[in-house]
Amino acid sequence: REQLEVHKTRRRGDAHEMSAPRVDCPLFWDRLERLYSNWRANRDSTDNPNWKADAIIICGGLTTDESRKTNALQLWLFGYEFTETLICFAENVVLILSSPKKVNILEPITGSVDGRSSSVPIKFLTKEKDNLNDLFKEISTTIDSSFSGKSIGILKRENISGPFADAWMSHLTGMRQDHLDVAPAVSELFSVKDQAELKAIKTAALISGHVLRMNLLPAIEKTIDSEKNMTHQQLSKQTEAIFSTPEQISSKLSAELVDSCYTPLVQSGGVYDLRAGAASNQDNLHFGTIIVGLGARYKSYCSNVARTYLVDATKDQEEAYNLLLECHQVVCQNLKPGIPINEIHSAVVSLVQSKNPDLVPKLTKNLGFSMGIEFMESAYVINDKNKKLIQPNMVFNIGIGFQGLELKENPKNDPKKQMYALFVADTVLVTKDQPEIMTEKSPKNFTEISYKLDDKKEEVAPPKKKTKSPQPVRTSPVETETKLRSSTGKARKDEQQKLAAEAKRKEHQKELEEKKRREAQEIYARKQKKGKTTETKEVTVVNSYKDPSQFPVTESVNKIIVDTTHESVLMPIYGMLVPFHISTIKNASKGTDEEYLRINFNTSDNADANNNVVYIKELTYRSSDTKALATALRLIKELRKRVSQRDEKLRLESDIVEQDKLIISKGRNPRLSDIFVRPSPTGRKTTGILEGHTNGFRFTTPKGANVDILYKNIAHAFFQPAENELLVLIHFHLNHAIMIGKKKTQDVQFCTEVMEVSQALDGRYKHGEDELEDEQRERQLRARLNNEFQSFVKRIEEATGLEFDMPYSDLGFSGVPHRSNVLLQPTVNCLVNLTEQPFFVMSLKAVEIAYFERVQFSLKNFDLVFVMKDYSKPVIHINAIGIDFLESIKEWLDSCDIKYYEGTQTLNWNRIMGVIQADPQKFHTEEGGWSFLNPDSDEDEDDGEQSSDFEGGGDSDGYGSESEDEDEFSEASDEDEVEDEDSEEDEGEDWDVLERKAAREDDEKKMTRQKRGRDFDSDEEREEEEREKKRKQSASVKSGGGKMAAGGASKGSGSGSKGSGSKGAGAGARSGKPATSLPLKKRT
């Protein structure tokens, strides 16, 4: 037992060294009540003498190294260790003697929470410089009046030291009471666990199993595979280092809560010690029988797991190991409430006696022990003498082994293999029914722990002078003798494994394709039974005026009037003002000729194809009052701008779901300070505070700009520590978009930078020690911020049940989802890029299929396309992915059960999705669904021609999915967006305008020459003039002809004539039909 106590005690640190520790009062009261219940129930019992004391004294020394049972009891009660603190449990009161700071920390346990308080009165004694003797006398008086006052229960084996402990031991020696050892009673108290303890032990067991499977065992296999010498202690220390960085195991773990129970054990080479507390020696790892063991401690609660790995096992070893597993099974089957412990030991001995009597002396004396906040609770050791009864909610370390075994046959005559041992240990929970093995994820069947080596030479390889040691491979139930050889054999094995993995992946992909086809057929079969529903498009009816009385009063009808109140433009036609709502106007513009104003209207795309439709496409007005035209143009643009901004705002807010009101919780809420939000509500980088409340988060800035996010609106939550990035962040992808400032967003991020930017005032660069200090300061800042964010995430998870995903950096790959090349990282449920804006978050559950484009031998990059299950959503493109990532991405997609295809061409996804959306039922039920994407699909020629139409041509659809994200994160204002629309007005000028413009320029040049007194200086100048004139004419023909072709009609017949001599405005119209079908007469 003393050797066992060499295990490292979980250090929480002194309470005065911790930041704002808080005692869980209800938990303390429950456990204090358990202590008094056991004490009062067993104090007068003749069967259990451990609780005979009339008072119990627990005293802590200056350090926690030599008072493990005291520390365990303090942790069990308070959750913290307190040095130089004395606790006296009397019949009707609990006295706690400590320093003022510690008394202040413990003060809340005397109060009440939700109307509940301690069942036993608690009194604090605060020690000062010279009042210890008086306080000790008060404790003595209390002990005298506790029960009969004849005995004091203490922890006799505790070695406490320090001035306070020495003063108390001196006073205790002079007291009249007898001293009884209550260590067994404390062990009994710890044996039955409550739910909080069980939860901590289960987590510790998961950590133990994970470190064994993912760290220690791979390290052993790598050592054998690389043929390097590594000692047992080196492997042990390498594994122990994992516990100091538990973030490698899970993002939900922190170094404050995780530790190792003891230094991990590694033994091989014929030297084995199966006793608790054994240590690894300095021998090199031997490829024979390897015994490993480790234990994780979480929130001070212990777990343990141990395994034996056999290399080139003989038949005798296999039989002995299988018998050991039977013994392990017998112990677990008998771990039931009410069964005496010694009967479990007898059942195992009987089994070994019946199967192999020679192994009875080799069986370990103890078959395990109960564990919890102490690694070994001595009151419940499984041996042939312990008659205590098993109780529910006990946790045992079941450790069974055979030691001192010897091989009957040693084929390789290896002396280190001659002697061997076998050992298996698990953490087991006692329940009312069947026991629960908490470390069962660590395999222990013979086929899973046995390796087979074959050092035969390759038949093709020539003989070498130096032969390398054999390499291991894990056997499986199907293939029990897989062989590893030297470098040539290893390369062949790697290639075979790669081919086998690829074949397995292809088979799984076929299953996924068939599964998706069946699901689609079932869905559309159900829809067919319900009947088809016809979708009707909503038509928006726009009314400028509901009543003639609303018309504006005007003196002239030959004037364009802009009515901002009714958002309409009144235009003179046939001597009457005809109102047009501003939404029907596409744009308005003036050419180089200031006397003309052209107004284009919105028309239907298929209006030209329908001969029965009569519509106005364009109106052109001419007036000698250029200021009036300029004013009308300005007012039309301003009205369009205002209405467009309003419509854009309504469009953005149309799909925004009204959120519930945030319920502010009082008290110490989880919070993060000095962080900033992206996107910012103010448009600038603004720091603030993020707090978790009853039903959501609130981010508050110093200027009062709040951002509220409800828990139920969060679709995905992410936590990304600053490992290889300059930001540590928390990111929320929302179910429904919210408005932050003037922008709608579905992704909200809270982050802070981990690098301090500094520059010397004199402009000199830093060298040597200054750079080292900066690097050290940055590492400390990075670690501190990571811990703060991680603690915030854990508190939120515990309080709300919201789960945070963490990106897997080792599975990341570079690609272009928007405009720039970024690092994309998978999480459990998504593929994300959370560092650069615009953010990229794609839920894997929403993905229908994935398609690899441009996968060719000659190309270094390929593209990846994701098709959503909602066909109305655009496909997602990730471009320019390095070819090196191809296999890893396929493996990841296959592990996520996502069907993928690949091809050498870029497909026209707009056309493909248009065909599918037209009739998705036909696509899935009659046309084979996505099977046309298979490169080896046996489609007929017609189908082949149809699919070839989908190949990309001039239509570059690769970046079609960017538009929405670009709009969200564009820095341009809404006004700039409206001005961009107005830029469409310059679509080219009419034939007449270009002709007049060219003639006017010619006249100006001619007048210039006349003023100079000559027409041309030389023949070269005359030729240059002629070439310039021809060029302008050619440009005029091209522009005018293109405009008429676009309009689908000849030149308008009603344009105003210069020769009319009128001052009024002339109206001309271009319609989708010849001018005769719309008989508009010009009016002067």
# chains A, B, ... in the order shown; residues from 1 in each chain; ligands from 1
call {"tool": "select_by_dssp", "arguments": {"residues": "segment 76-137 of chain A", "states": "alpha helix (DSSP H)", "output": "ChimeraX atom specification"}}
result
/A:76-78,100-106,132-137
call {"tool": "residues_around", "arguments": {"residues": "Leu310 of chain A", "least_positions_apart": "6", "cutoff": "7 Å", "atoms": "only C-alpha atoms", "output": "ChimeraX atom specification"}}
result
/A:288-290,449-451
call {"tool": "closest_atom_pairs", "arguments": {"of": "segment 211-315 of chain A", "to": "segment 396-417 of chain A", "cutoff": "12 Å", "atoms": "only C-alpha atoms", "output": "CSV"}}
result
residue,atom,partner,partner_atom,distance
A:Gln267,CA,A:Lys416,CA,11.8
A:Ser268,CA,A:Lys416,CA,8.4
A:Gly269,CA,A:Lys416,CA,4.8
A:Gly270,CA,A:Lys416,CA,5.0
A:Val271,CA,A:Lys416,CA,8.4
A:Tyr272,CA,A:Gln403,CA,7.6
A:Asp273,CA,A:Gln403,CA,8.0
A:Leu274,CA,A:Gln403,CA,7.2
A:Arg275,CA,A:Gly401,CA,9.9
A:Ala276,CA,A:Gly399,CA,9.6
A:Asp283,CA,A:Lys416,CA,11.3
A:Asn284,CA,A:Lys416,CA,11.4
A:Leu285,CA,A:Lys416,CA,10.8
A:His286,CA,A:Lys416,CA,7.8
A:Phe287,CA,A:Lys417,CA,8.5
A:Gly288,CA,A:Lys417,CA,5.8
A:Thr289,CA,A:Lys417,CA,7.2
A:Ile290,CA,A:Lys417,CA,10.4
A:Ile291,CA,A:Gly401,CA,10.5
A:Gly293,CA,A:Gly399,CA,10.3
A:Leu294,CA,A:Asn397,CA,11.8
A:Gly295,CA,A:Asn397,CA,10.3
A:Cys302,CA,A:Asn397,CA,9.6
A:Ser303,CA,A:Asn397,CA,7.4
A:Asn304,CA,A:Asn397,CA,6.5
A:Val305,CA,A:Asn397,CA,8.1
A:Ala306,CA,A:Gly399,CA,7.8
A:Arg307,CA,A:Gly399,CA,9.8
A:Thr308,CA,A:Gly401,CA,9.7
A:Leu310,CA,A:Lys417,CA,10.5
A:Val311,CA,A:Lys417,CA,9.8
A:Asp312,CA,A:Pro411,CA,9.8
A:Ala313,CA,A:Lys417,CA,9.9
A:Thr314,CA,A:Glu409,CA,7.8
A:Lys315,CA,A:Glu409,CA,9.4
call {"tool": "residues_around", "arguments": {"residues": "Leu834 of chain A", "least_positions_apart": "4", "cutoff": "12 Å", "atoms": "only C-alpha atoms", "output": "ChimeraX atom specification"}}
result
/A:678,717-722,725-733,747-751,806-807,822-827,830,838-842
call {"tool": "closest_residue", "arguments": {"among": "A:Met576, A:Val855, A:Leu662, A:Ala55", "to": "Gln177 of chain A", "atoms": "only C-alpha atoms"}}
result
A:Ala55
call {"tool": "residues_around", "arguments": {"residues": "segment 77-92 of chain A", "least_positions_apart": "4", "cutoff": "8 Å", "atoms": "only C-alpha atoms", "output": "PyMOL selection string"}}
result
chain A and resi 12-15+23-24+27-28+31-32+54-64+71+73+96-99+102+120-121+139+142-143+146-147+164-165
call {"tool": "write_last_selection", "arguments": {"atoms": "N, CA and C atoms", "output": "mmCIF file, in the first residue's frame"}}
result
data_model
loop_
_atom_site.group_PDB
_atom_site.id
_atom_site.type_symbol
_atom_site.label_atom_id
_atom_site.label_comp_id
_atom_site.auth_asym_id
_atom_site.auth_seq_id
_atom_site.Cartn_x
_atom_site.Cartn_y
_atom_site.Cartn_z
ATOM 1 N N ARG A 12 -4.516 20.687 -6.553
ATOM 2 C CA ARG A 12 -5.395 21.814 -6.870
ATOM 3 C C ARG A 12 -4.753 23.127 -6.411
ATOM 4 N N GLY A 13 -3.713 22.997 -5.589
ATOM 5 C CA GLY A 13 -3.091 24.216 -5.082
ATOM 6 C C GLY A 13 -3.810 24.737 -3.859
ATOM 7 N N ASP A 14 -3.110 25.541 -3.083
ATOM 8 C CA ASP A 14 -3.742 26.151 -1.919
ATOM 9 C C ASP A 14 -4.844 27.088 -2.355
ATOM 10 N N ALA A 15 -5.840 27.200 -1.506
ATOM 11 C CA ALA A 15 -6.988 28.034 -1.862
ATOM 12 C C ALA A 15 -6.587 29.483 -2.030
ATOM 13 N N VAL A 23 -16.949 27.126 -3.272
ATOM 14 C CA VAL A 23 -17.338 25.814 -2.771
ATOM 15 C C VAL A 23 -18.770 25.529 -3.214
ATOM 16 N N ASP A 24 -18.987 24.326 -3.689
ATOM 17 C CA ASP A 24 -20.339 23.899 -4.069
ATOM 18 C C ASP A 24 -21.091 23.544 -2.785
ATOM 19 N N LEU A 27 -23.464 20.383 -2.617
ATOM 20 C CA LEU A 27 -22.681 19.157 -2.652
ATOM 21 C C LEU A 27 -21.970 18.930 -1.317
ATOM 22 N N PHE A 28 -21.457 19.990 -0.719
ATOM 23 C CA PHE A 28 -20.815 19.869 0.592
ATOM 24 C C PHE A 28 -21.812 19.392 1.641
ATOM 25 N N ARG A 31 -22.575 15.620 1.245
ATOM 26 C CA ARG A 31 -21.497 14.724 1.673
ATOM 27 C C ARG A 31 -21.251 14.813 3.180
ATOM 28 N N LEU A 32 -21.461 15.993 3.758
ATOM 29 C CA LEU A 32 -21.352 16.096 5.213
ATOM 30 C C LEU A 32 -22.449 15.257 5.875
ATOM 31 N N ASP A 54 -15.510 9.204 19.320
ATOM 32 C CA ASP A 54 -16.509 10.173 19.763
ATOM 33 C C ASP A 54 -16.383 11.501 19.029
ATOM 34 N N ALA A 55 -15.234 11.769 18.462
ATOM 35 C CA ALA A 55 -15.006 12.970 17.642
ATOM 36 C C ALA A 55 -13.934 12.620 16.612
ATOM 37 N N ILE A 56 -13.978 13.319 15.502
ATOM 38 C CA ILE A 56 -13.013 13.049 14.423
ATOM 39 C C ILE A 56 -12.292 14.350 14.115
ATOM 40 N N ILE A 57 -10.953 14.275 14.081
ATOM 41 C CA ILE A 57 -10.126 15.445 13.819
ATOM 42 C C ILE A 57 -9.333 15.189 12.527
ATOM 43 N N ILE A 58 -9.422 16.135 11.595
ATOM 44 C CA ILE A 58 -8.636 16.087 10.359
ATOM 45 C C ILE A 58 -7.814 17.360 10.310
ATOM 46 N N CYS A 59 -6.484 17.220 10.287
ATOM 47 C CA CYS A 59 -5.602 18.378 10.326
ATOM 48 C C CYS A 59 -4.663 18.340 9.125
ATOM 49 N N GLY A 60 -4.571 19.462 8.422
ATOM 50 C CA GLY A 60 -3.670 19.572 7.280
ATOM 51 C C GLY A 60 -2.407 20.295 7.651
ATOM 52 N N GLY A 61 -1.268 19.851 7.086
ATOM 53 C CA GLY A 61 0.016 20.457 7.383
ATOM 54 C C GLY A 61 0.365 21.585 6.434
ATOM 55 N N LEU A 62 1.645 21.947 6.467
ATOM 56 C CA LEU A 62 2.105 23.060 5.639
ATOM 57 C C LEU A 62 2.123 22.677 4.166
ATOM 58 N N THR A 63 2.381 21.408 3.851
ATOM 59 C CA THR A 63 2.371 20.918 2.470
ATOM 60 C C THR A 63 1.371 19.783 2.358
ATOM 61 N N THR A 64 1.053 19.426 1.121
ATOM 62 C CA THR A 64 0.070 18.376 0.882
ATOM 63 C C THR A 64 0.712 17.056 0.474
ATOM 64 N N ASN A 71 -5.938 15.235 2.399
ATOM 65 C CA ASN A 71 -6.236 15.973 1.167
ATOM 66 C C ASN A 71 -7.449 15.381 0.453
ATOM 67 N N LEU A 73 -10.014 13.813 1.763
ATOM 68 C CA LEU A 73 -11.235 14.165 2.467
ATOM 69 C C LEU A 73 -11.608 15.631 2.219
ATOM 70 N N ILE A 96 -14.192 24.494 12.208
ATOM 71 C CA ILE A 96 -13.180 24.631 11.159
ATOM 72 C C ILE A 96 -12.238 25.745 11.581
ATOM 73 N N LEU A 97 -10.969 25.382 11.822
ATOM 74 C CA LEU A 97 -9.947 26.319 12.251
ATOM 75 C C LEU A 97 -9.003 26.574 11.073
ATOM 76 N N SER A 98 -8.896 27.842 10.649
ATOM 77 C CA SER A 98 -8.042 28.161 9.506
ATOM 78 C C SER A 98 -7.735 29.653 9.509
ATOM 79 N N SER A 99 -7.005 30.079 8.481
ATOM 80 C CA SER A 99 -6.615 31.478 8.362
ATOM 81 C C SER A 99 -7.815 32.315 7.913
ATOM 82 N N LYS A 102 -8.934 31.754 4.193
ATOM 83 C CA LYS A 102 -9.601 30.480 3.926
ATOM 84 C C LYS A 102 -10.980 30.441 4.576
ATOM 85 N N VAL A 120 -25.936 20.078 9.934
ATOM 86 C CA VAL A 120 -25.100 20.140 11.130
ATOM 87 C C VAL A 120 -24.563 21.562 11.252
ATOM 88 N N PRO A 121 -24.681 22.201 12.404
ATOM 89 C CA PRO A 121 -24.155 23.562 12.570
ATOM 90 C C PRO A 121 -22.650 23.613 12.309
ATOM 91 N N ILE A 139 -11.618 23.720 21.068
ATOM 92 C CA ILE A 139 -11.823 22.439 20.380
ATOM 93 C C ILE A 139 -11.864 21.297 21.395
ATOM 94 N N THR A 142 -15.176 21.151 23.106
ATOM 95 C CA THR A 142 -16.193 20.594 22.218
ATOM 96 C C THR A 142 -16.076 19.075 22.142
ATOM 97 N N ILE A 143 -14.842 18.562 22.118
ATOM 98 C CA ILE A 143 -14.642 17.098 22.043
ATOM 99 C C ILE A 143 -15.121 16.433 23.332
ATOM 100 N N SER A 146 -18.754 15.752 23.140
ATOM 101 C CA SER A 146 -19.227 15.012 21.963
ATOM 102 C C SER A 146 -19.394 13.548 22.330
ATOM 103 N N PHE A 147 -20.618 13.049 22.275
ATOM 104 C CA PHE A 147 -20.930 11.675 22.685
ATOM 105 C C PHE A 147 -20.355 11.454 24.080
ATOM 106 N N PHE A 164 1.985 25.059 12.418
ATOM 107 C CA PHE A 164 0.610 24.852 12.867
ATOM 108 C C PHE A 164 0.366 23.392 13.223
ATOM 109 N N ALA A 165 0.852 22.471 12.357
ATOM 110 C CA ALA A 165 0.657 21.047 12.624
ATOM 111 C C ALA A 165 1.414 20.615 13.876
#
call {"tool": "residues_around", "arguments": {"residues": "Ile242 of chain A", "least_positions_apart": "3", "cutoff": "12 Å", "atoms": "only C-alpha atoms", "output": "JSON list (two decimals) with C-alpha atoms, in the first residue's frame"}}
result
[["chain", "number", "residue", "atom", "x", "y", "z"],
["A", 207, "ILE", "CA", -9.13, 9.49, -21.02],
["A", 208, "SER", "CA", -7.19, 6.41, -19.91],
["A", 210, "HIS", "CA", -7.86, 7.07, -25.30],
["A", 211, "VAL", "CA", -4.24, 7.59, -24.20],
["A", 212, "LEU", "CA", -3.60, 3.85, -24.29],
["A", 214, "MET", "CA", -4.00, 6.57, -29.42],
["A", 215, "ASN", "CA", -0.67, 7.33, -27.77],
["A", 216, "LEU", "CA", 1.08, 4.56, -25.86],
["A", 235, "LEU", "CA", 8.03, 5.40, -23.42],
["A", 236, "SER", "CA", 6.59, 5.98, -19.97],
["A", 237, "LYS", "CA", 7.65, 9.65, -19.80],
["A", 238, "GLN", "CA", 6.52, 10.27, -23.36],
["A", 239, "THR", "CA", 3.06, 8.98, -22.47],
["A", 245, "THR", "CA", -1.59, 18.78, -22.53],
["A", 246, "PRO", "CA", -5.04, 17.14, -22.45],
["A", 247, "GLU", "CA", -6.24, 19.46, -25.22],
["A", 248, "GLN", "CA", -4.64, 16.93, -27.58],
["A", 249, "ILE", "CA", -7.14, 14.37, -26.33],
["A", 250, "SER", "CA", -10.22, 16.58, -26.44],
["A", 253, "LEU", "CA", -10.36, 19.00, -21.33],
["A", 254, "SER", "CA", -7.97, 21.32, -19.55],
["A", 255, "ALA", "CA", -4.73, 20.77, -17.69],
["A", 258, "VAL", "CA", -6.57, 16.20, -15.86],
["A", 259, "ASP", "CA", -3.56, 14.43, -14.41],
["A", 260, "SER", "CA", -2.05, 10.96, -14.32],
["A", 263, "THR", "CA", 3.74, 7.26, -14.10],
["A", 264, "PRO", "CA", 2.62, 4.94, -16.94],
["A", 294, "LEU", "CA", -1.76, 3.79, -17.08],
["A", 295, "GLY", "CA", -4.35, 5.71, -15.10],
["A", 296, "ALA", "CA", -5.95, 9.09, -15.68]]
call {"tool": "closest_atom_pairs", "arguments": {"of": "segment 792-839 of chain A", "to": "segment 686-697 of chain A", "cutoff": "12 Å", "atoms": "only C-alpha atoms", "output": "tab-separated table"}}
result
residue	atom	partner	partner_atom	distance
A:Phe792	CA	A:Gly692	CA	8.9
A:Val793	CA	A:Gly692	CA	10.0
A:Lys794	CA	A:Gly692	CA	11.7
A:Arg795	CA	A:Gly692	CA	9.1
A:Ile796	CA	A:Gly692	CA	7.0
A:Glu797	CA	A:Gly692	CA	10.6
A:Glu798	CA	A:Gly692	CA	11.8
A:Ala799	CA	A:Thr694	CA	9.0
A:Thr800	CA	A:Asn695	CA	8.3
A:Gly801	CA	A:Asn695	CA	11.4
A:Leu802	CA	A:Gly696	CA	10.5
call {"tool": "residues_around", "arguments": {"residues": "segment 588-596 of chain A", "least_positions_apart": "4", "cutoff": "7 Å", "atoms": "only C-alpha atoms", "output": "JSON, numbers by chain"}}
result
{"A": [600, 620, 621, 622, 623, 624, 626, 633, 985, 989]}
call {"tool": "residues_around", "arguments": {"residues": "Cys332 of chain A", "least_positions_apart": "5", "cutoff": "9 Å", "atoms": "only C-alpha atoms", "output": "list in words"}}
result
Cys327, Ile398, Val428, Val430, Gln434, Pro435, Glu436 and Ile437 of chain A
call {"tool": "closest_residue", "arguments": {"among": "A:Leu811, A:Ser187, A:Trp930, A:Lys52", "to": "Ile152 of chain A", "atoms": "only C-alpha atoms"}}
result
A:Lys52
call {"tool": "select_by_dssp", "arguments": {"residues": "segment 798-833 of chain A", "states": "strand (DSSP E)", "output": "ChimeraX atom specification"}}
result
/A:804-805,813-815,822-826,830-833
call {"tool": "closest_residue", "arguments": {"among": "A:Ile390, A:Leu35, A:Arg297, A:Ser442", "to": "Phe375 of chain A", "atoms": "only C-alpha atoms"}}
result
A:Arg297
call {"tool": "atom_distance", "arguments": {"atom1": "atom CA of Leu198 of chain A", "atom2": "atom CA of Gly667 of chain A"}}
result
28.4 Å
call {"tool": "atom_distance", "arguments": {"atom1": "atom CA of Phe369 of chain A", "atom2": "atom CA of Leu325 of chain A"}}
result
17.8 Å
